[in-house]
>>> print(open('run-v5.txt').read())   # compact mmCIF, C-alpha atoms
# COMPACT_ATOMS: atom_id res chain seq x y z
CA MET E 22 21.68 12.11 -6.56
CA ARG E 23 22.16 11.67 -2.80
CA ILE E 24 19.31 9.87 -1.04
CA GLY E 25 18.74 9.33 2.66
CA LEU E 26 16.79 6.21 3.66
CA ILE E 27 15.26 5.93 7.13
CA GLY E 28 14.45 2.41 8.32
CA THR E 29 16.31 -0.77 7.37
CA GLY E 30 13.77 -3.45 8.14
CA ARG E 31 12.58 -5.88 5.49
CA ILE E 32 11.10 -3.38 3.05
CA GLY E 33 13.73 -0.77 3.89
CA THR E 34 16.55 -3.17 3.10
CA PHE E 35 14.86 -4.10 -0.17
CA ASN E 36 14.43 -0.43 -1.10
CA ALA E 37 18.01 0.36 -0.16
CA THR E 38 19.23 -2.42 -2.43
CA VAL E 39 17.12 -1.16 -5.32
CA LEU E 40 18.20 2.47 -4.89
CA ASN E 41 21.84 1.54 -4.47
CA ARG E 42 22.00 0.07 -7.97
CA HIS E 43 20.00 2.85 -9.65
CA ARG E 44 22.18 4.67 -12.18
CA GLU E 45 21.04 8.10 -10.98
CA VAL E 46 21.70 7.45 -7.26
CA GLY E 47 25.32 8.29 -6.64
CA SER E 48 25.22 8.17 -2.85
CA LEU E 49 22.98 6.40 -0.35
CA ILE E 50 22.82 7.11 3.37
CA VAL E 51 20.86 4.75 5.62
CA THR E 52 19.85 4.91 9.25
CA ASP E 53 17.72 2.94 11.66
CA ALA E 54 16.80 2.92 15.34
CA ASP E 55 18.76 -0.35 15.33
CA SER E 56 22.21 1.00 14.45
CA VAL E 57 23.71 -2.48 14.12
CA ARG E 58 21.15 -3.35 11.45
CA ALA E 59 21.74 -0.07 9.61
CA HIS E 60 25.51 -0.64 9.57
CA ALA E 61 25.05 -4.19 8.32
CA VAL E 62 22.94 -2.98 5.40
CA ALA E 63 25.35 -0.15 4.62
CA ASP E 64 28.37 -2.45 4.73
CA ARG E 65 26.73 -4.95 2.40
CA LEU E 66 25.78 -2.28 -0.13
CA GLY E 67 28.79 -0.02 0.16
CA ALA E 68 26.52 2.75 1.40
CA THR E 69 26.95 5.09 4.39
CA ALA E 70 25.34 4.44 7.77
CA ALA E 71 24.24 7.57 9.63
CA PRO E 72 24.27 7.55 13.45
CA SER E 73 20.69 8.87 13.64
CA VAL E 74 17.86 10.44 11.69
CA ASP E 75 19.33 13.89 12.35
CA GLU E 76 22.24 13.24 10.00
CA ILE E 77 19.87 12.35 7.18
CA PHE E 78 18.65 15.94 7.34
CA THR E 79 22.04 17.62 7.92
CA TRP E 80 24.34 15.75 5.55
CA GLY E 81 22.89 17.33 2.44
CA VAL E 82 20.58 14.77 0.81
CA ASP E 83 18.50 15.48 -2.28
CA ALA E 84 15.55 13.31 -1.23
CA VAL E 85 14.34 11.12 1.62
CA VAL E 86 12.89 7.61 1.56
CA ILE E 87 10.90 6.68 4.68
CA THR E 88 10.59 3.00 5.55
CA ALA E 89 10.66 3.42 9.32
CA ALA E 90 7.98 2.30 11.80
CA THR E 91 4.53 3.64 10.94
CA SER E 92 4.41 5.71 14.12
CA ALA E 93 7.33 7.79 12.82
CA HIS E 94 6.02 8.49 9.32
CA GLY E 95 4.04 11.65 9.99
CA GLU E 96 6.78 13.45 11.93
CA LEU E 97 9.43 12.49 9.37
CA ILE E 98 7.28 13.65 6.45
CA GLY E 99 6.73 16.97 8.18
CA ARG E 100 10.42 17.38 8.95
CA ALA E 101 11.40 16.72 5.35
CA ALA E 102 8.72 19.08 4.06
CA ARG E 103 10.00 21.90 6.28
CA MET E 104 13.44 21.39 4.75
CA GLY E 105 12.05 21.40 1.22
CA LEU E 106 12.99 17.79 0.54
CA PRO E 107 11.04 15.40 -1.72
CA VAL E 108 9.84 12.29 0.12
CA PHE E 109 8.96 8.74 -0.80
CA CYS E 110 7.12 7.09 2.10
CA GLU E 111 5.80 3.59 2.43
CA LYS E 112 2.14 3.67 3.35
CA PRO E 113 0.56 4.85 5.55
CA ILE E 114 1.26 8.55 6.00
CA ALA E 115 0.48 8.23 9.71
CA VAL E 116 -1.16 5.88 12.19
CA ASP E 117 -4.49 7.72 12.12
CA LEU E 118 -6.52 10.25 10.17
CA PRO E 119 -5.61 13.33 12.26
CA GLY E 120 -1.91 12.52 11.92
CA THR E 121 -2.35 12.04 8.18
CA LEU E 122 -4.08 15.39 7.75
CA SER E 123 -1.41 17.12 9.83
CA ALA E 124 1.41 15.68 7.71
CA LEU E 125 -0.39 16.58 4.49
CA ALA E 126 -0.88 20.13 5.74
CA GLU E 127 2.90 20.41 6.20
CA VAL E 128 3.51 19.13 2.68
CA ASP E 129 0.92 21.51 1.24
CA ALA E 130 2.41 24.48 3.11
CA ALA E 131 5.91 23.66 1.91
CA GLY E 132 4.86 22.81 -1.64
CA THR E 133 7.09 19.74 -1.61
CA VAL E 134 6.76 16.29 -3.19
CA LEU E 135 5.30 13.37 -1.26
CA GLN E 136 4.99 10.06 -3.09
CA LEU E 137 3.27 7.19 -1.28
CA GLY E 138 4.20 3.54 -1.71
CA PHE E 139 1.12 1.97 -3.28
CA GLN E 140 3.17 -0.41 -5.38
CA ARG E 141 0.23 -2.13 -7.09
CA ARG E 142 -0.05 0.91 -9.35
CA PHE E 143 3.18 -0.36 -10.95
CA ASP E 144 2.14 -4.00 -11.28
CA THR E 145 1.61 -5.11 -14.88
CA GLY E 146 -1.61 -6.98 -14.13
CA TYR E 147 -3.30 -4.08 -12.36
CA ALA E 148 -2.09 -1.58 -14.96
CA THR E 149 -3.51 -3.75 -17.76
CA ALA E 150 -6.84 -3.99 -15.91
CA ARG E 151 -6.96 -0.20 -15.62
CA GLU E 152 -6.40 0.15 -19.35
CA ALA E 153 -9.14 -2.38 -20.08
CA VAL E 154 -11.66 -0.59 -17.87
CA ARG E 155 -10.78 2.92 -19.04
CA SER E 156 -10.92 1.88 -22.72
CA GLY E 157 -14.48 0.59 -22.35
CA ARG E 158 -13.51 -2.97 -23.27
CA LEU E 159 -15.56 -4.42 -20.40
CA GLY E 160 -18.56 -2.21 -20.97
CA ARG E 161 -20.38 -0.93 -17.90
CA LEU E 162 -18.84 -2.47 -14.80
CA HIS E 163 -21.35 -4.09 -12.50
CA THR E 164 -19.21 -6.12 -10.07
CA ILE E 165 -15.67 -5.97 -8.72
CA ARG E 166 -14.15 -8.57 -6.41
CA ALA E 167 -10.86 -7.78 -4.66
CA MET E 168 -8.89 -9.84 -2.18
CA THR E 169 -5.63 -9.84 -0.25
CA SER E 170 -4.69 -12.99 1.65
CA ASP E 171 -1.44 -13.35 3.60
CA GLN E 172 0.00 -16.84 3.90
CA SER E 173 0.95 -16.30 7.53
CA PRO E 174 0.28 -13.52 10.05
CA PRO E 175 2.72 -10.77 10.96
CA PRO E 176 4.51 -10.85 14.33
CA ALA E 177 2.21 -10.35 17.31
CA ALA E 178 4.12 -7.20 18.29
CA TYR E 179 3.23 -5.60 14.96
CA LEU E 180 -0.54 -5.92 15.31
CA PRO E 181 -1.17 -3.19 17.90
CA ILE E 182 0.75 -0.65 15.80
CA SER E 183 -0.45 -1.78 12.35
CA GLY E 184 -3.63 0.26 12.27
CA GLY E 185 -5.76 -2.84 11.79
CA MET E 186 -6.75 -4.98 8.85
CA TYR E 187 -8.51 -2.29 6.83
CA ARG E 188 -5.85 0.41 7.22
CA ASP E 189 -2.83 -1.87 6.96
CA CYS E 190 -3.88 -4.49 4.43
CA LEU E 191 -7.07 -3.75 2.47
CA VAL E 192 -6.05 -0.12 1.94
CA HIS E 193 -4.14 -1.40 -1.12
CA ASP E 194 -7.34 -2.87 -2.57
CA PHE E 195 -9.19 0.37 -1.85
CA ASP E 196 -6.52 2.29 -3.73
CA MET E 197 -6.86 -0.09 -6.67
CA LEU E 198 -10.64 0.31 -6.76
CA ARG E 199 -10.21 4.04 -7.29
CA TRP E 200 -7.16 3.88 -9.53
CA ILE E 201 -8.55 1.30 -11.93
CA THR E 202 -12.13 2.54 -12.19
CA GLY E 203 -11.66 6.27 -11.80
CA ARG E 204 -14.70 6.23 -9.48
CA GLU E 205 -15.11 7.09 -5.80
CA VAL E 206 -16.46 4.87 -3.01
CA VAL E 207 -19.54 6.47 -1.46
CA GLU E 208 -20.74 3.80 1.01
CA VAL E 209 -19.34 0.75 2.78
CA TYR E 210 -20.55 -2.07 4.97
CA ALA E 211 -17.77 -4.05 6.63
CA MET E 212 -17.42 -7.04 8.92
CA GLY E 213 -14.50 -8.80 10.58
CA SER E 214 -13.66 -11.98 12.45
CA ASP E 215 -11.10 -12.56 15.20
CA ALA E 216 -11.75 -16.31 15.44
CA GLY E 217 -8.14 -17.18 14.65
CA PRO E 218 -5.10 -16.97 16.95
CA SER E 219 -5.63 -15.12 20.24
CA MET E 220 -3.01 -12.49 19.38
CA PHE E 221 -5.57 -10.76 17.15
CA ARG E 222 -8.11 -10.48 19.95
CA GLU E 223 -5.40 -9.29 22.34
CA ALA E 224 -4.47 -6.55 19.86
CA HIS E 225 -8.16 -5.64 19.32
CA ASP E 226 -7.68 -6.55 15.68
CA ILE E 227 -9.22 -9.08 13.29
CA ASP E 228 -7.66 -11.86 11.22
CA THR E 229 -10.28 -11.94 8.45
CA ALA E 230 -12.31 -9.11 6.92
CA ALA E 231 -14.97 -8.53 4.31
CA ALA E 232 -16.52 -5.34 2.97
CA VAL E 233 -19.17 -4.39 0.42
CA LEU E 234 -18.45 -1.06 -1.23
CA THR E 235 -20.69 1.03 -3.47
CA LEU E 236 -19.05 3.28 -6.06
CA ASP E 237 -20.48 6.61 -7.12
CA ASP E 238 -21.82 5.16 -10.39
CA GLY E 239 -23.60 2.27 -8.64
CA THR E 240 -20.95 -0.38 -9.26
CA LEU E 241 -20.74 -2.89 -6.42
CA ALA E 242 -17.42 -4.14 -5.10
CA THR E 243 -16.41 -6.65 -2.48
CA ALA E 244 -13.06 -6.67 -0.73
CA THR E 245 -11.87 -9.50 1.50
CA ALA E 246 -8.66 -10.16 3.40
CA THR E 247 -7.16 -12.65 5.80
CA ARG E 248 -3.88 -13.12 7.62
CA LEU E 249 -4.22 -16.91 7.62
CA ASN E 250 -4.25 -18.23 4.05
CA GLY E 251 -2.08 -21.31 4.46
CA ALA E 252 -2.09 -22.16 0.74
CA GLY E 253 -0.01 -19.08 -0.06
CA TYR E 254 -0.02 -15.33 -0.63
CA ASP E 255 -3.05 -14.56 -2.76
CA VAL E 256 -3.79 -11.10 -4.17
CA ARG E 257 -6.42 -10.89 -6.91
CA MET E 258 -9.04 -8.67 -8.46
CA GLU E 259 -11.88 -9.61 -10.79
CA LEU E 260 -13.69 -6.97 -12.82
CA ALA E 261 -16.97 -7.95 -14.46
CA GLY E 262 -18.75 -5.81 -17.02
CA GLU E 263 -21.63 -6.14 -19.41
CA LEU E 264 -19.25 -6.96 -22.27
CA ASP E 265 -16.36 -8.87 -20.72
CA GLN E 266 -14.73 -10.04 -17.50
CA ILE E 267 -11.05 -10.02 -16.52
CA GLY E 268 -8.94 -11.10 -13.56
CA VAL E 269 -5.71 -9.79 -12.01
CA GLY E 270 -3.41 -12.16 -10.15
CA LEU E 271 -4.27 -15.39 -11.98
CA ASP E 272 -1.14 -17.26 -13.01
CA ASP E 273 0.70 -20.51 -12.39
CA ARG E 274 1.65 -19.34 -8.90
CA THR E 275 -1.84 -18.43 -7.68
CA PRO E 276 -2.39 -20.54 -4.54
CA ILE E 277 -5.72 -22.08 -5.42
CA ALA E 278 -6.70 -25.52 -6.71
CA SER E 279 -9.68 -26.29 -8.93
CA THR E 280 -12.09 -29.08 -8.02
CA GLU E 281 -13.17 -29.47 -11.65
CA PRO E 282 -11.91 -32.60 -13.47
CA ALA E 283 -10.47 -30.50 -16.29
CA GLY E 284 -9.47 -27.57 -14.11
CA PRO E 285 -5.91 -26.24 -13.79
CA PRO E 286 -3.62 -28.00 -11.29
CA ALA E 287 -2.53 -26.51 -8.01
CA ALA E 288 0.50 -24.20 -8.18
CA ASP E 289 3.84 -25.97 -7.84
CA LYS E 290 5.41 -22.88 -6.27
CA PRO E 291 2.71 -20.59 -4.84
CA TRP E 292 3.51 -17.01 -3.90
CA THR E 293 4.67 -16.70 -0.28
CA GLY E 294 4.68 -12.95 0.37
CA PHE E 295 4.34 -9.42 -0.91
CA LEU E 296 7.99 -8.80 -1.77
CA GLU E 297 8.10 -11.92 -3.90
CA ARG E 298 4.78 -11.23 -5.60
CA PHE E 299 5.30 -7.49 -6.16
CA GLY E 300 9.10 -7.23 -6.36
CA PRO E 301 9.15 -5.67 -9.87
CA ALA E 302 6.42 -3.22 -8.87
CA TYR E 303 8.37 -2.08 -5.82
CA GLU E 304 11.40 -1.47 -8.02
CA ALA E 305 9.34 0.45 -10.57
CA GLU E 306 7.80 2.79 -8.01
CA LEU E 307 11.25 3.72 -6.67
CA ALA E 308 12.48 4.34 -10.21
CA ALA E 309 9.45 6.58 -10.66
CA PHE E 310 10.35 8.50 -7.51
CA VAL E 311 13.85 9.15 -8.81
CA ASP E 312 12.29 10.48 -12.02
CA VAL E 313 9.92 12.68 -9.99
CA VAL E 314 12.82 14.14 -8.00
CA ARG E 315 14.68 14.83 -11.27
CA GLY E 316 11.59 16.60 -12.63
CA GLU E 317 11.13 14.04 -15.40
CA ARG E 318 7.61 12.84 -14.55
CA ALA E 319 4.54 13.73 -12.51
CA ASN E 320 3.98 12.24 -9.06
CA PRO E 321 2.19 8.89 -9.64
CA CYS E 322 0.70 8.65 -6.13
CA ASP E 323 0.63 11.78 -4.01
CA GLY E 324 -0.64 12.30 -0.49
CA GLN E 325 -4.13 13.15 -1.68
CA GLU E 326 -4.44 9.72 -3.31
CA ALA E 327 -3.29 8.04 -0.11
CA LEU E 328 -5.82 10.08 1.88
CA HIS E 329 -8.67 8.85 -0.32
CA ALA E 330 -7.72 5.21 0.32
CA LEU E 331 -7.31 5.81 4.05
CA ARG E 332 -10.75 7.41 4.33
CA ILE E 333 -12.28 4.26 2.82
CA ALA E 334 -10.37 2.16 5.37
CA GLU E 335 -11.58 4.44 8.17
CA ALA E 336 -15.16 4.06 6.97
CA CYS E 337 -14.79 0.27 6.95
CA GLU E 338 -13.40 0.23 10.48
CA LEU E 339 -16.25 2.41 11.71
CA SER E 340 -18.76 0.16 9.93
CA ARG E 341 -17.25 -2.94 11.53
CA LEU E 342 -17.30 -1.45 15.01
CA GLU E 343 -20.81 -0.02 14.78
CA ARG E 344 -22.24 -2.79 12.57
CA ARG E 345 -23.89 -0.42 10.12
CA PRO E 346 -23.44 1.05 6.66
CA VAL E 347 -21.15 4.09 6.64
CA TYR E 348 -21.15 6.85 4.04
CA LEU E 349 -17.78 8.31 3.09
CA ALA E 350 -19.28 11.75 3.69
CA GLU E 351 -19.19 10.87 7.41
CA ILE E 352 -15.40 10.56 7.41
CA PRO E 353 -13.39 13.79 7.99
CA GLY E 354 -10.70 14.92 5.60
CA ARG E 355 -12.60 15.10 2.34
CA ARG E 356 -10.82 17.29 -0.20
CA ASP E 357 -12.72 18.14 -3.35
>>> encode(input="run-v5.txt", output="structure tokens")
Amino acid sequence: MRIGLIGTGRIGTFNATVLNRHREVGSLIVTDADSVRAHAVADRLGATAAPSVDEIFTWGVDAVVITAATSAHGELIGRAARMGLPVFCEKPIAVDLPGTLSALAEVDAAGTVLQLGFQRRFDTGYATAREAVRSGRLGRLHTIRAMTSDQSPPPAAYLPISGGMYRDCLVHDFDMLRWITGREVVEVYAMGSDAGPSMFREAHDIDTAAAVLTLDDGTLATATATRLNGAGYDVRMELAGELDQIGVGLDDRTPIASTEPAGPPAADKPWTGFLERFGPAYEAELAAFVDVVRGERANPCDGQEALHALRIAEACELSRLERRPVYLAEIPGRRD
């Protein structure tokens, strides 16, 4: 299989490394707006560096992996769809809802494959939680608590193009709410704080967020996030039911200390970032994409799934700005 990868930043370099050692990937072509960086990655892996994106689409690849800047995702997805090429794209599909719907329309018209990079679907902890909920082991769910806390903020230059806290960060938790429970979010109320470093205010973004979400069966969920969790990278979910309660993300590297005399000690080596915490999941989702391209499995996260998560993020952003509850029915793009 010949794969073209667009974007050799941090996640792109990681994905290129994973694909390069996959037994079914015989040839890897990489490109980046920064040609020096693309050549460095290609030289290290023994891959081929293309002069530009154009060559990815003219050198005869079997599939495309998009890890470029978010602003380029929609156009690249559309271009690949028009050429009949399967695509794996890191989230999001586009920087906004109209761009997302436009890209999905291209994929629908072409009838091609689009797999989105929601890597938590391949994490053992989240997958086990899904099995527990779907089997009825917890009984009726009444409360879900989700959180994503970065140890340190992204570069200031990234904030204005990130889409904001809900679209860029908590969208993963929104995807997990749906994927684990099999339910839909019908209403949200969200708040945010920009009391941290001034770069967040300058980017019209927030550094800390909280949302209350109501699912279509009445289950209540909370989702919180921050860019400033100095103790470490902390991603968790707790699911409480009438029969049992479970937690995802609790291990000897969880960056939290108990104040109880007999409580567990603080982590000796807390998680520091998403690639470290979810490395195996990132590898598994790319392996799944190769299987999808080969026709050996169904798409585990298509564009429709990504759209659902984005609409929740859009509702949260609207709620934060207007300081009111927002129903998902208010957000365009619903596809029943």
>>> residues_around(input="run-v5.txt", residues="range 79-94 of chain E", least_positions_apart="6", cutoff="9 Å", atoms="all atoms listed in the file", output="PyMOL selection string")
chain E and resi 22-30+32-34+36+48-50+53-54+101+106-116+124+182-184+311+314
>>> closest_residue(input="run-v5.txt", among="E:Val207, E:Ala224, E:Val46, E:Ala232", to="Tyr348 in chain E", atoms="only C-alpha atoms")
E:Val207
>>> closest_residue(input="run-v5.txt", among="E:Phe221, E:Tyr179, E:Phe299, E:Phe139", to="Phe195 in chain E", atoms="only C-alpha atoms")
E:Phe139
>>> axis_aligned_box(input="run-v5.txt", around="range 110-121 of chain E", padding_each_side="5 Å", output="lines of an AutoDock Vina configuration file")
center_x = 0.3
center_y = 8.5
center_z = 7.2
size_x = 23.6
size_y = 19.7
size_z = 20.2
>>> residues_near_point(input="run-v5.txt", point="(12.8, 1.7, -2.4)", cutoff="7 Å", atoms="all atoms listed in the file", output="short mmCIF file (atom, residue, chain, number, x, y, z; two decimals) with C-alpha atoms, in the frame of the given file")
data_model
loop_
_atom_site.label_atom_id
_atom_site.label_comp_id
_atom_site.auth_asym_id
_atom_site.auth_seq_id
_atom_site.Cartn_x
_atom_site.Cartn_y
_atom_site.Cartn_z
CA GLY E 33 13.73 -0.77 3.89
CA PHE E 35 14.86 -4.10 -0.17
CA ASN E 36 14.43 -0.43 -1.10
CA ALA E 37 18.01 0.36 -0.16
CA VAL E 39 17.12 -1.16 -5.32
CA LEU E 40 18.20 2.47 -4.89
CA TYR E 303 8.37 -2.08 -5.82
CA GLU E 304 11.40 -1.47 -8.02
CA LEU E 307 11.25 3.72 -6.67
#
>>> residues_around(input="run-v5.txt", residues="Gly294 in chain E", least_positions_apart="5", cutoff="12 Å", atoms="all atoms listed in the file", output="list of chain:residue names")
E:Arg31, E:Ile32, E:Thr169, E:Ser170, E:Asp171, E:Gln172, E:Ser173, E:Pro174, E:Pro175, E:Arg248, E:Asn250, E:Gly251, E:Ala252, E:Gly253, E:Tyr254, E:Asp255, E:Val256, E:Arg274, E:Thr275, E:Pro276, E:Phe299, E:Gly300
>>> residues_around(input="run-v5.txt", residues="Ala336 in chain E", least_positions_apart="2", cutoff="7 Å", atoms="all atoms listed in the file", output="list in words")
Val209, Arg332, Ile333, Ala334, Glu338, Leu339, Ser340, Val347, Leu349 and Ile352 of chain E
>>> atom_distance(input="run-v5.txt", atom1="CA of Tyr147 in chain E", atom2="CA of Val269 in chain E")
6.2 Å
>>> atom_distance(input="run-v5.txt", atom1="CA of Gly95 in chain E", atom2="CA of Thr121 in chain E")
6.7 Å
>>> closest_residue(input="run-v5.txt", among="E:Gly185, E:Pro321, E:Gly239, E:Pro291", to="Asp215 in chain E", atoms="all atoms listed in the file")
E:Gly185
>>> residues_around(input="run-v5.txt", residues="Ala130 in chain E", least_positions_apart="4", cutoff="12 Å", atoms="all atoms listed in the file", output="mmCIF file with C-alpha atoms, in the coordinates of the input")
data_model
loop_
_atom_site.group_PDB
_atom_site.id
_atom_site.type_symbol
_atom_site.label_atom_id
_atom_site.label_comp_id
_atom_site.auth_asym_id
_atom_site.auth_seq_id
_atom_site.Cartn_x
_atom_site.Cartn_y
_atom_site.Cartn_z
ATOM 1 C CA GLY E 99 6.730 16.970 8.180
ATOM 2 C CA ALA E 102 8.720 19.080 4.060
ATOM 3 C CA ARG E 103 10.000 21.900 6.280
ATOM 4 C CA MET E 104 13.440 21.390 4.750
ATOM 5 C CA GLY E 105 12.050 21.400 1.220
ATOM 6 C CA SER E 123 -1.410 17.120 9.830
ATOM 7 C CA ALA E 124 1.410 15.680 7.710
ATOM 8 C CA LEU E 125 -0.390 16.580 4.490
ATOM 9 C CA ALA E 126 -0.880 20.130 5.740
ATOM 10 C CA VAL E 134 6.760 16.290 -3.190
#
>>> atom_distance(input="run-v5.txt", atom1="CA of Cys337 in chain E", atom2="CA of Arg141 in chain E")
20.7 Å
>>> closest_residue(input="run-v5.txt", among="E:Gly47, E:Glu208, E:Asn41, E:Ala288", to="Asp64 in chain E", atoms="only C-alpha atoms")
E:Asn41
>>> closest_residue(input="run-v5.txt", among="E:Gln140, E:Thr247, E:Ser73, E:Thr133", to="Ala305 in chain E", atoms="all atoms listed in the file")
E:Gln140
>>> closest_residue(input="run-v5.txt", among="E:Pro286, E:Phe295, E:Ile98, E:Val192", to="Asp129 in chain E", atoms="only C-alpha atoms")
E:Ile98
>>> residues_around(input="run-v5.txt", residues="Thr202 in chain E", least_positions_apart="4", cutoff="10 Å", atoms="all atoms listed in the file", output="ChimeraX atom specification")
/E:150-155,162,165,197-198,236,240,260
>>> write_last_selection(input="run-v5.txt", atoms="C-alpha atoms", output="mmCIF file, in the coordinates of the input")
data_model
loop_
_atom_site.group_PDB
_atom_site.id
_atom_site.type_symbol
_atom_site.label_atom_id
_atom_site.label_comp_id
_atom_site.auth_asym_id
_atom_site.auth_seq_id
_atom_site.Cartn_x
_atom_site.Cartn_y
_atom_site.Cartn_z
ATOM 1 C CA ALA E 150 -6.840 -3.990 -15.910
ATOM 2 C CA ARG E 151 -6.960 -0.200 -15.620
ATOM 3 C CA GLU E 152 -6.400 0.150 -19.350
ATOM 4 C CA ALA E 153 -9.140 -2.380 -20.080
ATOM 5 C CA VAL E 154 -11.660 -0.590 -17.870
ATOM 6 C CA ARG E 155 -10.780 2.920 -19.040
ATOM 7 C CA LEU E 162 -18.840 -2.470 -14.800
ATOM 8 C CA ILE E 165 -15.670 -5.970 -8.720
ATOM 9 C CA MET E 197 -6.860 -0.090 -6.670
ATOM 10 C CA LEU E 198 -10.640 0.310 -6.760
ATOM 11 C CA LEU E 236 -19.050 3.280 -6.060
ATOM 12 C CA THR E 240 -20.950 -0.380 -9.260
ATOM 13 C CA LEU E 260 -13.690 -6.970 -12.820
#
